[in-house]
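Shown next: entry.json, given as JSON, C-alpha atoms (C1' of nucleotides).
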[["chain", "number", "residue", "atom", "x", "y", "z"],
["S", 1, "MET", "CA", -8.63, -89.14, -4.68],
["S", 2, "LYS", "CA", -8.13, -85.42, -4.52],
["S", 3, "VAL", "CA", -4.56, -84.50, -5.24],
["S", 4, "LYS", "CA", -3.71, -80.85, -5.34],
["S", 5, "HIS", "CA", -0.92, -79.02, -7.01],
["S", 6, "TYR", "CA", 1.00, -77.75, -4.03],
["S", 7, "VAL", "CA", 3.91, -77.29, -6.38],
["S", 8, "ASP", "CA", 2.22, -74.07, -7.41],
["S", 9, "VAL", "CA", 2.17, -72.66, -3.92],
["S", 10, "PRO", "CA", 5.51, -73.56, -2.43],
["S", 11, "GLY", "CA", 5.50, -70.77, 0.12],
["S", 12, "CYS", "CA", 2.21, -71.51, 1.81],
["S", 13, "PRO", "CA", 1.82, -74.47, 4.11],
["S", 14, "VAL", "CA", -1.13, -72.62, 5.61],
["S", 15, "GLU", "CA", -3.08, -73.98, 2.72],
["S", 16, "VAL", "CA", -2.11, -77.54, 3.56],
["S", 17, "THR", "CA", -3.54, -77.26, 7.04],
["S", 18, "LEU", "CA", -6.61, -75.31, 6.08],
["S", 19, "ASP", "CA", -7.36, -77.81, 3.41],
["S", 20, "LEU", "CA", -7.71, -80.49, 6.08],
["S", 21, "ILE", "CA", -10.00, -78.61, 8.42],
["S", 22, "ASP", "CA", -11.79, -76.90, 5.61],
["S", 23, "GLY", "CA", -15.41, -76.72, 4.82],
["S", 24, "ARG", "CA", -17.11, -75.46, 7.93],
["S", 25, "TRP", "CA", -17.60, -78.86, 9.55],
["S", 26, "LYS", "CA", -14.29, -80.67, 9.85],
["S", 27, "GLY", "CA", -12.92, -78.32, 12.42],
["S", 28, "VAL", "CA", -16.08, -78.67, 14.46],
["S", 29, "VAL", "CA", -15.98, -82.45, 14.25],
["S", 30, "LEU", "CA", -12.36, -82.45, 15.35],
["S", 31, "PHE", "CA", -13.20, -80.13, 18.18],
["S", 32, "HIS", "CA", -15.79, -82.50, 19.56],
["S", 33, "LEU", "CA", -13.64, -85.57, 19.11],
["S", 34, "LEU", "CA", -10.74, -83.86, 20.83],
["S", 35, "ASP", "CA", -13.07, -82.79, 23.58],
["S", 36, "ALA", "CA", -14.80, -86.12, 24.14],
["S", 37, "GLY", "CA", -11.97, -88.46, 23.27],
["S", 38, "CYS", "CA", -14.20, -91.01, 21.63],
["S", 39, "LEU", "CA", -17.66, -90.78, 20.13],
["S", 40, "ARG", "CA", -20.07, -93.01, 18.31],
["S", 41, "PHE", "CA", -21.66, -91.78, 15.13],
["S", 42, "ASN", "CA", -24.91, -90.61, 16.61],
["S", 43, "GLU", "CA", -23.28, -89.11, 19.67],
["S", 44, "LEU", "CA", -21.20, -87.02, 17.34],
["S", 45, "HIS", "CA", -24.22, -86.23, 15.23],
["S", 46, "ARG", "CA", -26.02, -84.87, 18.28],
["S", 47, "ARG", "CA", -23.11, -82.55, 18.97],
["S", 48, "VAL", "CA", -23.06, -81.19, 15.47],
["S", 49, "PRO", "CA", -26.64, -80.17, 14.90],
["S", 50, "GLY", "CA", -27.63, -79.04, 11.47],
["S", 51, "ILE", "CA", -25.46, -81.48, 9.61],
["S", 52, "THR", "CA", -27.05, -84.37, 7.74],
["S", 53, "ALA", "CA", -25.94, -87.95, 8.29],
["S", 54, "ARG", "CA", -24.74, -88.10, 4.74],
["S", 55, "LEU", "CA", -22.54, -85.07, 5.15],
["S", 56, "LEU", "CA", -21.25, -86.08, 8.55],
["S", 57, "THR", "CA", -20.24, -89.39, 7.05],
["S", 58, "LYS", "CA", -18.38, -87.63, 4.33],
["S", 59, "GLN", "CA", -16.54, -85.36, 6.72],
["S", 60, "LEU", "CA", -15.51, -88.35, 8.80],
["S", 61, "ARG", "CA", -14.31, -90.24, 5.75],
["S", 62, "ASP", "CA", -12.25, -87.24, 4.68],
["S", 63, "LEU", "CA", -10.73, -86.91, 8.14],
["S", 64, "GLU", "CA", -9.99, -90.60, 8.12],
["S", 65, "GLU", "CA", -8.32, -90.41, 4.76],
["S", 66, "ALA", "CA", -6.26, -87.49, 6.02],
["S", 67, "ASP", "CA", -5.20, -89.72, 8.90],
["S", 68, "LEU", "CA", -6.59, -87.35, 11.50],
["S", 69, "VAL", "CA", -9.33, -89.60, 12.77],
["S", 70, "SER", "CA", -9.61, -93.32, 13.25],
["S", 71, "ARG", "CA", -12.77, -95.38, 12.87],
["S", 72, "THR", "CA", -13.40, -98.60, 14.72],
["S", 73, "VAL", "CA", -16.25, -100.91, 13.83],
["S", 74, "TYR", "CA", -17.46, -103.47, 16.34],
["S", 75, "ALA", "CA", -19.20, -106.49, 14.88],
["S", 76, "VAL", "CA", -22.19, -106.37, 17.16],
["S", 77, "VAL", "CA", -25.91, -105.87, 16.84],
["S", 78, "PRO", "CA", -26.85, -103.11, 16.89],
["S", 79, "PRO", "CA", -23.75, -101.82, 15.14],
["S", 80, "ARG", "CA", -21.27, -99.81, 17.10],
["S", 81, "VAL", "CA", -18.80, -97.52, 15.40],
["S", 82, "GLU", "CA", -16.38, -95.39, 17.33],
["S", 83, "TYR", "CA", -14.46, -92.38, 16.16],
["S", 84, "ARG", "CA", -11.45, -90.90, 17.84],
["S", 85, "VAL", "CA", -8.63, -88.59, 16.82],
["S", 86, "SER", "CA", -5.45, -90.23, 15.65],
["S", 87, "GLU", "CA", -2.04, -89.25, 16.90],
["S", 88, "GLU", "CA", -1.71, -86.83, 14.02],
["S", 89, "GLY", "CA", -5.15, -85.45, 14.79],
["S", 90, "GLU", "CA", -4.10, -84.99, 18.39],
["S", 91, "SER", "CA", -1.29, -82.76, 17.22],
["S", 92, "LEU", "CA", -3.93, -80.35, 15.96],
["S", 93, "ARG", "CA", -5.30, -79.84, 19.46],
["S", 94, "PRO", "CA", -3.53, -76.56, 20.17],
["S", 95, "ILE", "CA", -4.73, -75.17, 16.87],
["S", 96, "VAL", "CA", -8.31, -76.22, 17.41],
["S", 97, "GLU", "CA", -8.20, -74.78, 20.90],
["S", 98, "MET", "CA", -6.97, -71.46, 19.60],
["S", 99, "LEU", "CA", -9.66, -71.43, 16.95],
["S", 100, "SER", "CA", -12.22, -71.99, 19.66],
["S", 101, "LYS", "CA", -10.82, -69.35, 21.98],
["S", 102, "TRP", "CA", -10.57, -66.80, 19.23],
["S", 103, "GLY", "CA", -14.10, -67.53, 18.11],
["S", 104, "GLU", "CA", -15.38, -66.98, 21.63],
["S", 105, "ALA", "CA", -13.53, -63.71, 21.91],
["S", 106, "ARG", "CA", -14.92, -62.62, 18.58],
["S", 107, "LEU", "CA", -18.47, -63.39, 19.65],
["S", 108, "GLU", "CA", -17.84, -61.45, 22.83],
["S", 109, "ARG", "CA", -16.55, -58.46, 20.87],
["S", 110, "GLN", "CA", -19.63, -58.59, 18.69],
["S", 111, "ARG", "CA", -21.95, -58.67, 21.66],
["S", 112, "THR", "CA", -20.14, -55.72, 23.20],
["S", 113, "LYS", "CA", -20.30, -53.74, 20.00],
["S", 114, "GLN", "CA", -23.97, -54.46, 19.61],
["S", 115, "ALA", "CA", -24.65, -53.40, 23.18],
["S", 116, "ALA", "CA", -22.73, -50.18, 22.58],
["S", 117, "THR", "CA", -24.71, -49.49, 19.44],
["S", 118, "HIS", "CA", -27.92, -50.08, 21.28],
["S", 119, "ALA", "CA", -26.86, -47.79, 24.10],
["S", 120, "ARG", "CA", -25.96, -45.04, 21.68],
["S", 121, "ARG", "CA", -29.28, -45.39, 19.97],
["S", 122, "THR", "CA", -31.05, -45.15, 23.30],
["S", 123, "VAL", "CA", -29.08, -42.06, 24.21],
["S", 124, "SER", "CA", -29.75, -40.27, 20.97],
["S", 125, "ARG", "CA", -33.39, -41.04, 21.42],
["S", 126, "ASN", "CA", -33.32, -39.34, 24.79],
["S", 127, "SER", "CA", -31.34, -36.32, 23.72],
["W", 1, "MET", "CA", -25.15, -60.18, 3.56],
["W", 2, "LYS", "CA", -24.47, -63.66, 4.84],
["W", 3, "VAL", "CA", -25.87, -64.13, 8.29],
["W", 4, "LYS", "CA", -25.64, -67.57, 9.78],
["W", 5, "HIS", "CA", -27.66, -69.23, 12.46],
["W", 6, "TYR", "CA", -25.07, -69.70, 15.18],
["W", 7, "VAL", "CA", -27.98, -70.15, 17.50],
["W", 8, "ASP", "CA", -28.05, -73.69, 16.22],
["W", 9, "VAL", "CA", -24.50, -74.42, 17.26],
["W", 10, "PRO", "CA", -24.10, -72.76, 20.61],
["W", 11, "GLY", "CA", -21.19, -74.89, 21.77],
["W", 12, "CYS", "CA", -18.84, -74.36, 18.90],
["W", 13, "PRO", "CA", -16.99, -71.11, 18.41],
["W", 14, "VAL", "CA", -14.54, -73.05, 16.28],
["W", 15, "GLU", "CA", -17.04, -72.63, 13.53],
["W", 16, "VAL", "CA", -17.04, -68.88, 13.92],
["W", 17, "THR", "CA", -13.32, -68.68, 13.33],
["W", 18, "LEU", "CA", -13.17, -71.26, 10.60],
["W", 19, "ASP", "CA", -15.95, -69.52, 8.79],
["W", 20, "LEU", "CA", -13.76, -66.45, 8.47],
["W", 21, "ILE", "CA", -10.67, -68.15, 7.14],
["W", 22, "ASP", "CA", -12.65, -70.66, 5.19],
["W", 23, "GLY", "CA", -12.51, -71.53, 1.56],
["W", 24, "ARG", "CA", -8.91, -72.38, 0.87],
["W", 25, "TRP", "CA", -7.78, -68.86, 0.06],
["W", 26, "LYS", "CA", -8.57, -66.54, 2.92],
["W", 27, "GLY", "CA", -6.05, -68.06, 5.23],
["W", 28, "VAL", "CA", -3.41, -67.80, 2.58],
["W", 29, "VAL", "CA", -4.24, -64.19, 1.88],
["W", 30, "LEU", "CA", -4.08, -63.38, 5.57],
["W", 31, "PHE", "CA", -0.79, -65.19, 5.83],
["W", 32, "HIS", "CA", 0.79, -63.02, 3.17],
["W", 33, "LEU", "CA", -0.67, -59.80, 4.50],
["W", 34, "LEU", "CA", 0.54, -60.65, 7.98],
["W", 35, "ASP", "CA", 3.90, -61.48, 6.54],
["W", 36, "ALA", "CA", 4.32, -58.44, 4.34],
["W", 37, "GLY", "CA", 2.43, -55.89, 6.40],
["W", 38, "CYS", "CA", 0.99, -54.13, 3.41],
["W", 39, "LEU", "CA", 0.45, -55.18, -0.18],
["W", 40, "ARG", "CA", -1.06, -53.79, -3.33],
["W", 41, "PHE", "CA", -3.54, -55.86, -5.25],
["W", 42, "ASN", "CA", -1.13, -57.21, -7.81],
["W", 43, "GLU", "CA", 1.64, -57.78, -5.31],
["W", 44, "LEU", "CA", -0.76, -59.96, -3.39],
["W", 45, "HIS", "CA", -1.90, -61.62, -6.56],
["W", 46, "ARG", "CA", 1.66, -62.59, -7.37],
["W", 47, "ARG", "CA", 2.00, -64.24, -3.98],
["W", 48, "VAL", "CA", -1.14, -66.26, -4.40],
["W", 49, "PRO", "CA", -0.64, -67.95, -7.72],
["W", 50, "GLY", "CA", -3.49, -69.87, -9.17],
["W", 51, "ILE", "CA", -6.20, -67.54, -7.98],
["W", 52, "THR", "CA", -8.06, -65.39, -10.48],
["W", 53, "ALA", "CA", -8.39, -61.65, -10.03],
["W", 54, "ARG", "CA", -12.11, -62.04, -9.66],
["W", 55, "LEU", "CA", -11.77, -64.50, -6.86],
["W", 56, "LEU", "CA", -8.99, -62.64, -5.11],
["W", 57, "THR", "CA", -11.20, -59.58, -5.14],
["W", 58, "LYS", "CA", -13.99, -61.55, -3.57],
["W", 59, "GLN", "CA", -11.77, -62.98, -0.85],
["W", 60, "LEU", "CA", -10.51, -59.52, -0.02],
["W", 61, "ARG", "CA", -14.04, -58.12, 0.12],
["W", 62, "ASP", "CA", -15.07, -60.89, 2.45],
["W", 63, "LEU", "CA", -12.08, -60.30, 4.69],
["W", 64, "GLU", "CA", -12.87, -56.61, 4.65],
["W", 65, "GLU", "CA", -16.47, -57.21, 5.60],
["W", 66, "ALA", "CA", -15.28, -59.45, 8.42],
["W", 67, "ASP", "CA", -13.15, -56.54, 9.57],
["W", 68, "LEU", "CA", -9.95, -58.52, 9.28],
["W", 69, "VAL", "CA", -8.42, -56.52, 6.46],
["W", 70, "SER", "CA", -8.50, -52.87, 5.54],
["W", 71, "ARG", "CA", -8.45, -51.45, 2.05],
["W", 72, "THR", "CA", -7.03, -48.07, 1.19],
["W", 73, "VAL", "CA", -7.56, -46.45, -2.18],
["W", 74, "TYR", "CA", -5.27, -43.66, -3.33],
["W", 75, "ALA", "CA", -6.74, -41.32, -5.89],
["W", 76, "VAL", "CA", -3.81, -41.41, -8.25],
["W", 77, "VAL", "CA", -3.12, -42.55, -11.79],
["W", 78, "PRO", "CA", -2.40, -45.38, -12.13],
["W", 79, "PRO", "CA", -4.64, -46.48, -9.26],
["W", 80, "ARG", "CA", -3.03, -47.64, -6.08],
["W", 81, "VAL", "CA", -4.89, -49.81, -3.62],
["W", 82, "GLU", "CA", -3.30, -51.11, -0.47],
["W", 83, "TYR", "CA", -4.40, -53.94, 1.72],
["W", 84, "ARG", "CA", -3.30, -54.57, 5.25],
["W", 85, "VAL", "CA", -4.56, -56.55, 8.20],
["W", 86, "SER", "CA", -6.74, -54.70, 10.67],
["W", 87, "GLU", "CA", -6.21, -54.85, 14.40],
["W", 88, "GLU", "CA", -8.64, -57.72, 14.60],
["W", 89, "GLY", "CA", -6.85, -59.46, 11.76],
["W", 90, "GLU", "CA", -3.60, -58.99, 13.58],
["W", 91, "SER", "CA", -5.02, -60.94, 16.48],
["W", 92, "LEU", "CA", -5.20, -63.95, 14.18],
["W", 93, "ARG", "CA", -1.43, -63.94, 13.71],
["W", 94, "PRO", "CA", -0.67, -66.68, 16.23],
["W", 95, "ILE", "CA", -3.31, -68.90, 14.66],
["W", 96, "VAL", "CA", -2.08, -68.34, 11.13],
["W", 97, "GLU", "CA", 1.46, -68.99, 12.28],
["W", 98, "MET", "CA", 0.46, -72.25, 13.87],
["W", 99, "LEU", "CA", -1.41, -73.28, 10.73],
["W", 100, "SER", "CA", 1.71, -72.58, 8.75],
["W", 101, "LYS", "CA", 4.01, -74.43, 11.11],
["W", 102, "TRP", "CA", 1.74, -77.43, 11.30],
["W", 103, "GLY", "CA", 1.40, -77.51, 7.53],
["W", 104, "GLU", "CA", 5.18, -77.50, 7.16],
["W", 105, "ALA", "CA", 5.53, -80.33, 9.63],
["W", 106, "ARG", "CA", 2.85, -82.29, 7.83],
["W", 107, "LEU", "CA", 4.61, -81.87, 4.50],
["W", 108, "GLU", "CA", 7.81, -82.99, 6.15],
["W", 109, "ARG", "CA", 6.12, -86.09, 7.56],
["W", 110, "GLN", "CA", 4.74, -86.88, 4.13],
["W", 111, "ARG", "CA", 8.11, -86.54, 2.50],
["W", 112, "THR", "CA", 9.64, -88.82, 5.10],
["W", 113, "LYS", "CA", 6.94, -91.41, 4.64],
["W", 114, "GLN", "CA", 7.30, -91.26, 0.88],
["W", 115, "ALA", "CA", 11.04, -91.67, 1.11],
["W", 116, "ALA", "CA", 10.58, -94.71, 3.36],
["W", 117, "THR", "CA", 8.11, -96.20, 0.92],
["W", 118, "HIS", "CA", 10.48, -95.64, -1.94],
["W", 119, "ALA", "CA", 13.34, -97.23, -0.04],
["W", 120, "ARG", "CA", 11.24, -100.27, 0.75],
["W", 121, "ARG", "CA", 10.24, -100.60, -2.87],
["W", 122, "THR", "CA", 13.86, -100.39, -3.93],
["W", 123, "VAL", "CA", 14.83, -103.04, -1.41],
["W", 124, "SER", "CA", 12.11, -105.41, -2.45],
["W", 125, "ARG", "CA", 13.19, -104.93, -6.04],
["W", 126, "ASN", "CA", 16.70, -106.01, -5.12],
["W", 127, "SER", "CA", 15.68, -108.95, -3.04],
["H", 1, "DC", "C1'", -3.36, -50.81, -11.98],
["H", 2, "DA", "C1'", -7.16, -52.77, -10.01],
["H", 3, "DG", "C1'", -10.53, -54.37, -10.78],
["H", 4, "DT", "C1'", -15.95, -55.67, -13.40],
["H", 5, "DA", "C1'", -19.00, -58.15, -16.43],
["H", 6, "DT", "C1'", -20.55, -62.34, -18.38],
["H", 7, "DC", "C1'", -21.02, -66.93, -19.18],
["H", 8, "DC", "C1'", -20.80, -71.47, -17.84],
["H", 9, "DC", "C1'", -19.85, -75.60, -15.39],
["H", 10, "DT", "C1'", -18.84, -78.47, -11.51],
["H", 11, "DG", "C1'", -18.91, -79.79, -6.89],
["H", 12, "DT", "C1'", -21.07, -79.52, -2.57],
["H", 13, "DA", "C1'", -24.66, -80.10, 0.08],
["H", 14, "DG", "C1'", -29.88, -80.55, 1.15],
["H", 15, "DA", "C1'", -34.09, -83.59, 1.30],
["H", 16, "DT", "C1'", -35.89, -87.89, 1.35],
["H", 17, "DA", "C1'", -36.18, -92.74, 1.31],
["H", 18, "DC", "C1'", -34.10, -96.97, 2.22],
["H", 19, "DT", "C1'", -30.85, -101.01, 4.51],
["H", 20, "DG", "C1'", -27.33, -104.54, 6.75],
["N", 1, "DC", "C1'", -27.35, -97.97, 14.93],
["N", 2, "DA", "C1'", -24.84, -96.33, 11.31],
["N", 3, "DG", "C1'", -24.97, -95.46, 7.59],
["N", 4, "DT", "C1'", -26.28, -95.65, 1.55],
["N", 5, "DA", "C1'", -28.83, -94.33, -2.54],
["N", 6, "DT", "C1'", -30.87, -91.11, -5.41],
["N", 7, "DC", "C1'", -32.26, -86.92, -7.01],
["N", 8, "DT", "C1'", -31.94, -82.13, -7.13],
["N", 9, "DA", "C1'", -30.50, -77.26, -6.63],
["N", 10, "DC", "C1'", -27.75, -73.70, -6.05],
["N", 11, "DA", "C1'", -23.55, -71.26, -5.32],
["N", 12, "DG", "C1'", -18.55, -71.13, -5.77],
["N", 13, "DG", "C1'", -15.37, -70.63, -8.77],
["N", 14, "DG", "C1'", -12.87, -70.87, -13.67],
["N", 15, "DA", "C1'", -12.12, -68.59, -18.38],
["N", 16, "DT", "C1'", -12.35, -64.75, -20.93],
["N", 17, "DA", "C1'", -13.13, -60.10, -22.25],
["N", 18, "DC", "C1'", -13.57, -55.52, -20.97],
["N", 19, "DT", "C1'", -12.87, -50.62, -18.21],
["N", 20, "DG", "C1'", -12.26, -46.17, -15.06]]
Step by step, read the file and then write its structure as structure tokens.
Amino acid sequence: MKVKHYVDVPGCPVEVTLDLIDGRWKGVVLFHLLDAGCLRFNELHRRVPGITARLLTKQLRDLEEADLVSRTVYAVVPPRVEYRVSEEGESLRPIVEMLSKWGEARLERQRTKQAATHARRTVSRNS
Amino acid sequence: MKVKHYVDVPGCPVEVTLDLIDGRWKGVVLFHLLDAGCLRFNELHRRVPGITARLLTKQLRDLEEADLVSRTVYAVVPPRVEYRVSEEGESLRPIVEMLSKWGEARLERQRTKQAATHARRTVSRNS
DNA sequence: CAGTATCCCTGTAGATACTG
DNA sequence: CAGTATCTACAGGGATACTG
């Protein structure tokens, strides 16, 4: 169990939140669960390419422990495990949406900048 | 230079944003810069207790490279270096504010739950 | 004041193989 | 299908000492 010393940083609840969606993957996992409502392990895995099963498992366990995601196991063959956001996880929706929107805008800005740079280069070539 | 393969994860701009405020400290640093407007290195250091100078430097360099923070050096003795959020960093304000608000609410929920647990324990002791 | 330089250690994550 | 197990490697970050 990872208990941190938030006593040291009384003025920064930002850290509390970031700690939960930390590590590059958790936010993405939440995003997809919020988007899809409910996903089985491999469905989720397909939506988060690049992550290994081991790591995805760990992220899900962390999110579960943080009470942001719930895990339901059905006793069938083949196994069926469903993940969905908890009520507390649901309350993160606006944040995750803003993160997504901002990320899109950032990518757009980068594309624009790159295009501008390319244009300038082309111009200077012609001058 | 850290260039990531976002080609792999086309559907998730959440990752783009999280990548920038990743790592437990960057969000906190941004929070304080957004809050204070402008801070010198040691002023900032005082507001982020627990971080080493080395690491704070690294976080600031990363934020600078991401174009979220600007760094101004004054050629005086003793040295004076000021950090402030860039225009792009400023656009993160609503997100950082939500992270902060949500973190506060979460802490509040935890306190409430803990108090309830304690009360129950006390009751069961008396019964 | 605002950092570097060095050393070292741990955790995090990748690859691969295996299982109820 | 939904994961574990094991081994390994590297980078992130801590402690400490030093500097323009």
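With distances restricted to only C-alpha atoms (C1' of nucleotides), H:DC7 is the closest residue to N:DT16 from H:DC7, H:DC1, H:DT12, H:DT19.
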Distance query stretch 1-8 of chain N at most 10 Å, only C-alpha atoms (C1' of nucleotides), self and fewer than 5 positions along chain excluded, as a PyMOL selection string: (chain S and resi 40-42+53-54+57+77-81) or (chain H and resi 14-20)
Pairwise distance for atom CA of S:Asp19 and atom CA of W:Val48, rounded to one decimal in Å: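 Distance between the two atoms: 15.3 Å.
If you look at atom CA of W:Val14 and atom CA of S:Ala119, they are 29.2 Å away from each other.
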Among the residues S:Gly37, S:Cys12, S:Arg61, S:Glu82, the one that comes closest to W:Trp25 [using all atoms listed in the file]: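 Residue with the minimum atom-to-atom distance to W:Trp25: S:Cys12.
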Given only C-alpha atoms (C1' of nucleotides) as the counted atoms, nearest of S:Glu65, S:Asp22, S:Asp35, S:Glu43 to chain N: S:Glu43
Protein/DNA/RNA residues near (-7.7, -83.2, 5.3), cut 9 Å, all atoms listed in the file, as a PyMOL selection string: chain S and resi 16-22+26+62-68
At most 12 Å to chain W: residues in chain N, only C-alpha atoms (C1' of nucleotides), as a list in words: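 Listed by rising number, the hits are DG12, DG13, DG14, DA15, DT16 and DG20 of chain N.
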Counting all atoms listed in the file, chain H residues within 9 Å of chain W, as a ChimeraX atom specification: /H:1-4
Give me the residues of chain S that have any atom at most 10 Å from an atom of chain W; for each, the nearest atom pair and the distance in Å, rounded to one decimal. Use all atoms listed in the file, sort by chain and number, and format it as a Markdown table.
| residue | atom | partner | partner_atom | distance |
| --- | --- | --- | --- | --- |
| S:His5 | CA | W:Gly50 | CA | 9.7 |
| S:Asp8 | CA | W:Pro49 | CA | 6.8 |
| S:Val9 | CA | W:Pro49 | CA | 6.7 |
| S:Pro10 | CA | W:Pro49 | CA | 9.9 |
| S:Gly11 | CA | W:Arg47 | CA | 8.5 |
| S:Cys12 | CA | W:Val28 | CA | 6.8 |
| S:Pro13 | CA | W:Gly103 | CA | 4.6 |
| S:Val14 | CA | W:Ser100 | CA | 4.2 |
| S:Glu15 | CA | W:Val28 | CA | 6.2 |
| S:Val16 | CA | W:Gly103 | CA | 5.3 |
| S:Thr17 | CA | W:Gly103 | CA | 5.0 |
| S:Leu18 | CA | W:Arg24 | CA | 6.4 |
| S:Asp19 | CA | W:Arg24 | CA | 6.2 |
| S:Leu20 | CA | W:Gly103 | CA | 9.7 |
| S:Ile21 | CA | W:Leu18 | CA | 8.3 |
| S:Asp22 | CA | W:Asp22 | CA | 6.3 |
| S:Gly23 | CA | W:Asp22 | CA | 6.7 |
| S:Arg24 | CA | W:Asp19 | CA | 6.1 |
| S:Trp25 | CA | W:Glu15 | CA | 7.4 |
| S:Lys26 | CA | W:Glu15 | CA | 9.3 |
| S:Gly27 | CA | W:Val14 | CA | 6.7 |
| S:Val28 | CA | W:Val14 | CA | 6.1 |
| S:Val29 | CA | W:Val14 | CA | 9.7 |
| S:Leu30 | CA | W:Val14 | CA | 9.7 |
| S:Phe31 | CA | W:Val14 | CA | 7.5 |
| S:His32 | CA | W:Cys12 | CA | 8.7 |
| S:Arg47 | CA | W:Gly11 | CA | 8.4 |
| S:Val48 | CA | W:Val9 | CA | 7.1 |
| S:Pro49 | CA | W:Val9 | CA | 6.6 |
| S:Gly50 | CA | W:Asp8 | CA | 7.2 |
| S:Glu88 | CA | W:Arg106 | CA | 8.9 |
| S:Ser91 | CA | W:Trp102 | CA | 8.5 |
| S:Leu92 | CA | W:Trp102 | CA | 7.9 |
| S:Pro94 | CA | W:Met98 | CA | 8.6 |
| S:Ile95 | CA | W:Met98 | CA | 6.7 |
| S:Val96 | CA | W:Val14 | CA | 7.1 |
| S:Glu97 | CA | W:Val14 | CA | 8.0 |
| S:Met98 | CA | W:Ile95 | CA | 6.7 |
| S:Leu99 | CA | W:Val14 | CA | 5.2 |
| S:Ser100 | CA | W:Val14 | CA | 4.2 |
| S:Lys101 | CA | W:Pro13 | CA | 7.3 |
| S:Trp102 | CA | W:Thr17 | CA | 6.8 |
| S:Gly103 | CA | W:Pro13 | CA | 4.6 |
| S:Glu104 | CA | W:Pro13 | CA | 5.5 |
| S:Ala105 | CA | W:Pro13 | CA | 8.9 |
| S:Arg106 | CA | W:Val16 | CA | 8.1 |
| S:Leu107 | CA | W:Pro13 | CA | 8.0 |
Atom pair atom C1' of H:DC8 / atom C1' of N:DT19: separation (Å):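 Value for the atom C1' of H:DC8-atom C1' of N:DT19 distance: 22.3 Å.
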I'd like the box whose edges run along x, y and z of the file and which contains every listed atom of stretch 41-51 of chain S, padded by 5 Å per side; could you state its centre and edge lengths in Å, one decimal, as JSON?
{"center_x": -24.4, "center_y": -85.4, "center_z": 14.6, "size_x": 16.4, "size_y": 22.7, "size_z": 20.1}
Residue contacts of S:Leu33 (9 Å, only C-alpha atoms (C1' of nucleotides)) excluding same-chain residues fewer than 6 positions away, as a list in words: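 Listing them by chain and then by number gives Leu39, Leu44, Val69, Tyr83, Arg84 and Val85 of chain S.
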Could you please take those selected residues and save C-alpha atoms as a short mmCIF file (atom, residue, chain, number, x, y, z; two decimals), keeping the file's coordinate frame?
data_model
loop_
_atom_site.label_atom_id
_atom_site.label_comp_id
_atom_site.auth_asym_id
_atom_site.auth_seq_id
_atom_site.Cartn_x
_atom_site.Cartn_y
_atom_site.Cartn_z
CA LEU S 39 -17.66 -90.78 20.13
CA LEU S 44 -21.20 -87.02 17.34
CA VAL S 69 -9.33 -89.60 12.77
CA TYR S 83 -14.46 -92.38 16.16
CA ARG S 84 -11.45 -90.90 17.84
CA VAL S 85 -8.63 -88.59 16.82
#
